[in-house]
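Novice: Structure file query-v7.txt (compact mmCIF, C-alpha atoms) is given on the next line.
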```txt
# COMPACT_ATOMS: atom_id res chain seq x y z
CA MET A 1 -50.88 -1.04 176.58
CA TYR A 2 -52.27 1.03 173.75
CA PRO A 3 -50.67 1.08 170.31
CA THR A 4 -50.82 4.42 168.52
CA LEU A 5 -53.13 3.07 165.81
CA ASN A 6 -55.16 5.93 164.37
CA PRO A 7 -54.78 8.16 167.42
CA GLU A 8 -57.02 11.17 167.67
CA ILE A 9 -56.07 14.82 167.34
CA ARG A 10 -56.66 16.23 170.78
CA GLU A 11 -55.15 17.15 174.04
CA ARG A 12 -56.47 15.13 176.92
CA LEU A 13 -56.26 15.30 180.66
CA THR A 14 -56.99 12.13 182.63
CA GLN A 15 -56.92 11.35 186.33
CA SER A 16 -56.00 7.94 187.76
CA ARG A 17 -55.76 6.28 191.17
CA CYS A 18 -52.78 4.78 192.98
CA ASN A 19 -51.72 1.31 191.67
CA GLU A 20 -53.93 1.66 188.60
CA ILE A 21 -52.39 0.51 185.33
CA ARG A 22 -53.99 2.21 182.34
CA LYS A 23 -53.35 2.92 178.79
CA LEU A 24 -52.15 7.15 180.14
CA PHE A 25 -47.74 16.04 187.90
CA ASP A 26 -47.32 13.55 190.47
CA LEU A 27 -45.67 10.16 190.02
CA LYS A 28 -46.09 7.43 187.41
CA GLU A 29 -44.15 4.76 185.58
CA ASP A 30 -44.53 5.38 181.83
CA VAL A 31 -43.87 2.45 179.47
CA ALA A 32 -43.42 2.19 175.68
CA VAL A 33 -43.28 -1.12 173.76
CA ASP A 34 -41.86 -1.39 170.22
CA ILE A 35 -44.52 -2.99 167.97
CA ARG A 36 -42.73 -2.39 164.64
CA THR A 37 -42.52 -5.90 163.22
CA GLU A 38 -39.34 -5.20 161.19
CA SER A 39 -37.54 -3.54 164.10
CA ALA A 40 -34.56 -5.16 165.82
CA THR A 41 -36.20 -4.13 169.11
CA PHE A 42 -39.68 -5.50 168.33
CA GLY A 43 -41.43 -6.53 171.55
CA GLN A 44 -38.93 -4.76 173.81
CA TRP A 45 -40.06 -2.15 176.30
CA PHE A 46 -38.69 0.95 177.94
CA GLY A 47 -39.96 2.46 181.17
CA VAL A 48 -39.25 5.70 182.98
CA ILE A 49 -40.55 7.38 186.12
CA LEU A 50 -42.20 10.72 185.38
CA ASN A 51 -42.78 13.10 188.27
CA ASP A 52 -42.86 16.73 189.30
CA GLU A 53 -39.26 16.56 190.51
CA ASN A 54 -37.46 15.23 187.41
CA HIS A 55 -39.81 16.99 184.93
CA PHE A 56 -39.17 14.25 182.35
CA GLN A 57 -41.48 13.79 179.38
CA LEU A 58 -41.79 10.75 177.12
CA PHE A 59 -42.64 10.94 173.42
CA ILE A 60 -44.39 7.80 172.13
CA PRO A 61 -44.16 7.72 168.31
CA LYS A 62 -46.23 5.64 165.91
CA GLY A 63 -45.16 2.02 166.03
CA PHE A 64 -45.11 1.87 169.82
CA ALA A 65 -47.68 0.84 172.40
CA HIS A 66 -48.05 2.98 175.52
CA GLY A 67 -49.09 2.23 179.07
CA PHE A 68 -48.56 3.68 182.50
CA CYS A 69 -48.89 2.86 186.18
CA VAL A 70 -49.82 5.50 188.74
CA LEU A 71 -47.56 5.46 191.81
CA SER A 72 -48.94 8.43 193.74
CA GLU A 73 -52.42 8.95 195.18
CA ILE A 74 -53.67 10.79 192.05
CA VAL A 75 -52.04 11.75 188.75
CA ASP A 76 -53.11 14.37 186.25
CA PHE A 77 -51.92 13.07 182.89
CA HIS A 78 -51.86 15.33 179.85
CA TYR A 79 -51.17 13.94 176.40
CA LYS A 80 -51.65 14.87 172.77
CA CYS A 81 -52.49 12.60 169.82
CA SER A 82 -51.69 13.14 166.16
CA ASP A 83 -54.85 12.02 164.33
CA TYR A 84 -58.63 11.80 164.67
CA TYR A 85 -60.17 9.25 167.03
CA ASN A 86 -61.56 6.10 165.41
CA PRO A 87 -63.22 3.78 167.97
CA LYS A 88 -63.18 0.88 165.47
CA ALA A 89 -59.38 1.09 165.32
CA GLU A 90 -58.95 0.96 169.10
CA GLN A 91 -56.71 -1.96 170.08
CA GLY A 92 -54.67 -2.97 173.09
CA ILE A 93 -52.03 -5.37 174.31
CA LEU A 94 -52.49 -7.29 177.54
CA TRP A 95 -50.72 -5.36 180.30
CA SER A 96 -49.34 -8.62 181.78
CA ASP A 97 -48.17 -10.19 178.49
CA PRO A 98 -45.49 -12.69 179.65
CA SER A 99 -43.49 -12.27 176.43
CA LEU A 100 -43.05 -8.55 177.18
CA ALA A 101 -42.23 -9.17 180.87
CA ILE A 102 -42.85 -5.55 181.81
CA LYS A 103 -41.72 -4.96 185.37
CA TRP A 104 -44.67 -2.94 186.65
CA PRO A 105 -43.77 -1.33 189.99
CA VAL A 106 -46.87 -2.53 191.90
CA HIS A 107 -47.92 -5.94 193.21
CA ALA A 108 -51.72 -5.59 193.13
CA PRO A 109 -52.59 -3.28 190.21
CA LEU A 110 -56.08 -2.02 189.46
CA ILE A 111 -56.89 -3.07 185.88
CA SER A 112 -60.02 -2.06 183.98
CA THR A 113 -62.31 -4.77 182.63
CA LYS A 114 -61.49 -3.63 179.10
CA ASP A 115 -57.73 -3.80 179.67
CA LYS A 116 -57.98 -7.32 181.14
CA LYS A 117 -59.48 -8.61 177.87
CA TYR A 118 -56.69 -7.60 175.47
CA ASN A 119 -54.52 -10.22 173.77
CA CYS A 120 -50.82 -10.84 174.13
CA LEU A 121 -48.65 -9.22 171.45
CA LYS A 122 -47.99 -12.56 169.68
CA ASN A 123 -51.78 -13.01 169.18
CA ILE A 124 -52.38 -9.63 167.58
CA SER A 125 -52.80 -9.61 163.80
CA SER A 126 -49.73 -8.29 161.99
CA GLU A 127 -52.12 -6.02 160.05
CA LEU A 128 -52.61 -4.05 163.27
CA LEU A 129 -48.89 -3.68 163.93
CA PHE A 130 -46.32 -1.55 162.14
```
Let me see the file written as structure tokens.
Specialist:
Amino acid sequence: MYPTLNPEIRERLTQSRCNEIRKLFDLKEDVAVDIRTESATFGQWFGVILNDENHFQLFIPKGFAHGFCVLSEIVDFHYKCSDYYNPKAEQGILWSDPSLAIKWPVHAPLISTKDKKYNCLKNISSELLF
């Protein structure tokens, strides 16, 4: 899960494999988590299937973390960020955080080494949240 902390201005196209959970048209489960500390829905998540049949899109505003799980063989994922990239500001939330209890639609996901090392939401400094 990737909070929108100092996102970069760009459009990006990524490609992912089946069962891969990553921080970003075929078929994928797209998830947003509220990380606004003063929000009544802090720590709650919303997920939606995006595919080439329903043509849905999901806007992830500042104050939310974003993750997705690819459900088809390959997905081309196009997204746009609202600010310049700052690698020092890059943060993440553990995809399997038990307090979030996200119901990912796969049983044996492919998780990057980097994504496996992120902390649970409760262990992230409030300075990094909204």
Novice: Check the smallest atom-to-atom distance from each of A:Ser72, A:Ser126, A:Ser39, A:Asn54 to A:Val106 using all atoms listed in the file, then report the winner.
Specialist: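 Of all the options, A:Ser72 lies closest to A:Val106.
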Novice: Of the residues A:His107, A:Lys117, A:Lys28, A:Arg36, which is the one nearest to A:Phe64, using all atoms listed in the file?
Specialist: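 The answer is A:Arg36, which sits nearest to A:Phe64.
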Novice: Which value, in Å to one decimal, gives the distance between atom CA of A:Ser96 and atom CA of A:Cys120?
Specialist: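 Distance between the two atoms: 8.1 Å.
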Novice: Applying 8 Å and all atoms listed in the file, which residues near A:Ile49 remain after dropping the ones on its own chain fewer than 2 positions away? List them as a list of chain:residue names.
Specialist: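 Close residues of A:Ile49: A:Leu27, A:Lys28, A:Glu29, A:Asp30, A:Gly47, A:Asn51, A:Phe56.
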Novice: What is the atom CA of A:Asp34 to atom CA of A:Pro61 distance in Å?
Specialist: 9.6 Å
Novice: Using Å and a single decimal, report how far atom CA of A:Leu110 sits from atom CA of A:Cys69.
Specialist: 9.3 Å
Novice: Which residue out of A:Leu94, A:Ile60, A:Ala65, A:Ile102 has the minimum interatomic distance to A:Ser82 when all atoms listed in the file are used?
Specialist: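 Nearest to A:Ser82: A:Ile60.
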Novice: Counting all atoms listed in the file, find the residues whose atoms lie at most 9 Å from (-39.0, 0.4, 176.1) (file coordinates) and write them out as a PyMOL selection string.
Specialist: chain A and resi 31-34+41+43-48+64
Novice: Nearest to A:Gly92: which of A:Phe59, A:Phe130, A:Tyr118, A:Phe68 is it, counting all atoms listed in the file?
Specialist: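 Looking only at the distances to A:Gly92, the closest residue turns out to be A:Tyr118.
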Novice: Let me have the centre and edge lengths in Å, one decimal, of the box along x, y and z around every listed atom of stretch 119-130 of chain A with 4 Å of margin on each side, as AutoDock Vina command-line options.
Specialist:
```
--center_x -50.4 --center_y -7.3 --center_z 167.1 --size_x 16.2 --size_y 19.5 --size_z 22.1
```
Novice: Using all atoms listed in the file for the distances, tell me which of A:Gly63, A:Glu38, A:Glu90, A:Leu58 is nearest to A:His78.
Specialist: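 The answer is A:Leu58, which sits nearest to A:His78.
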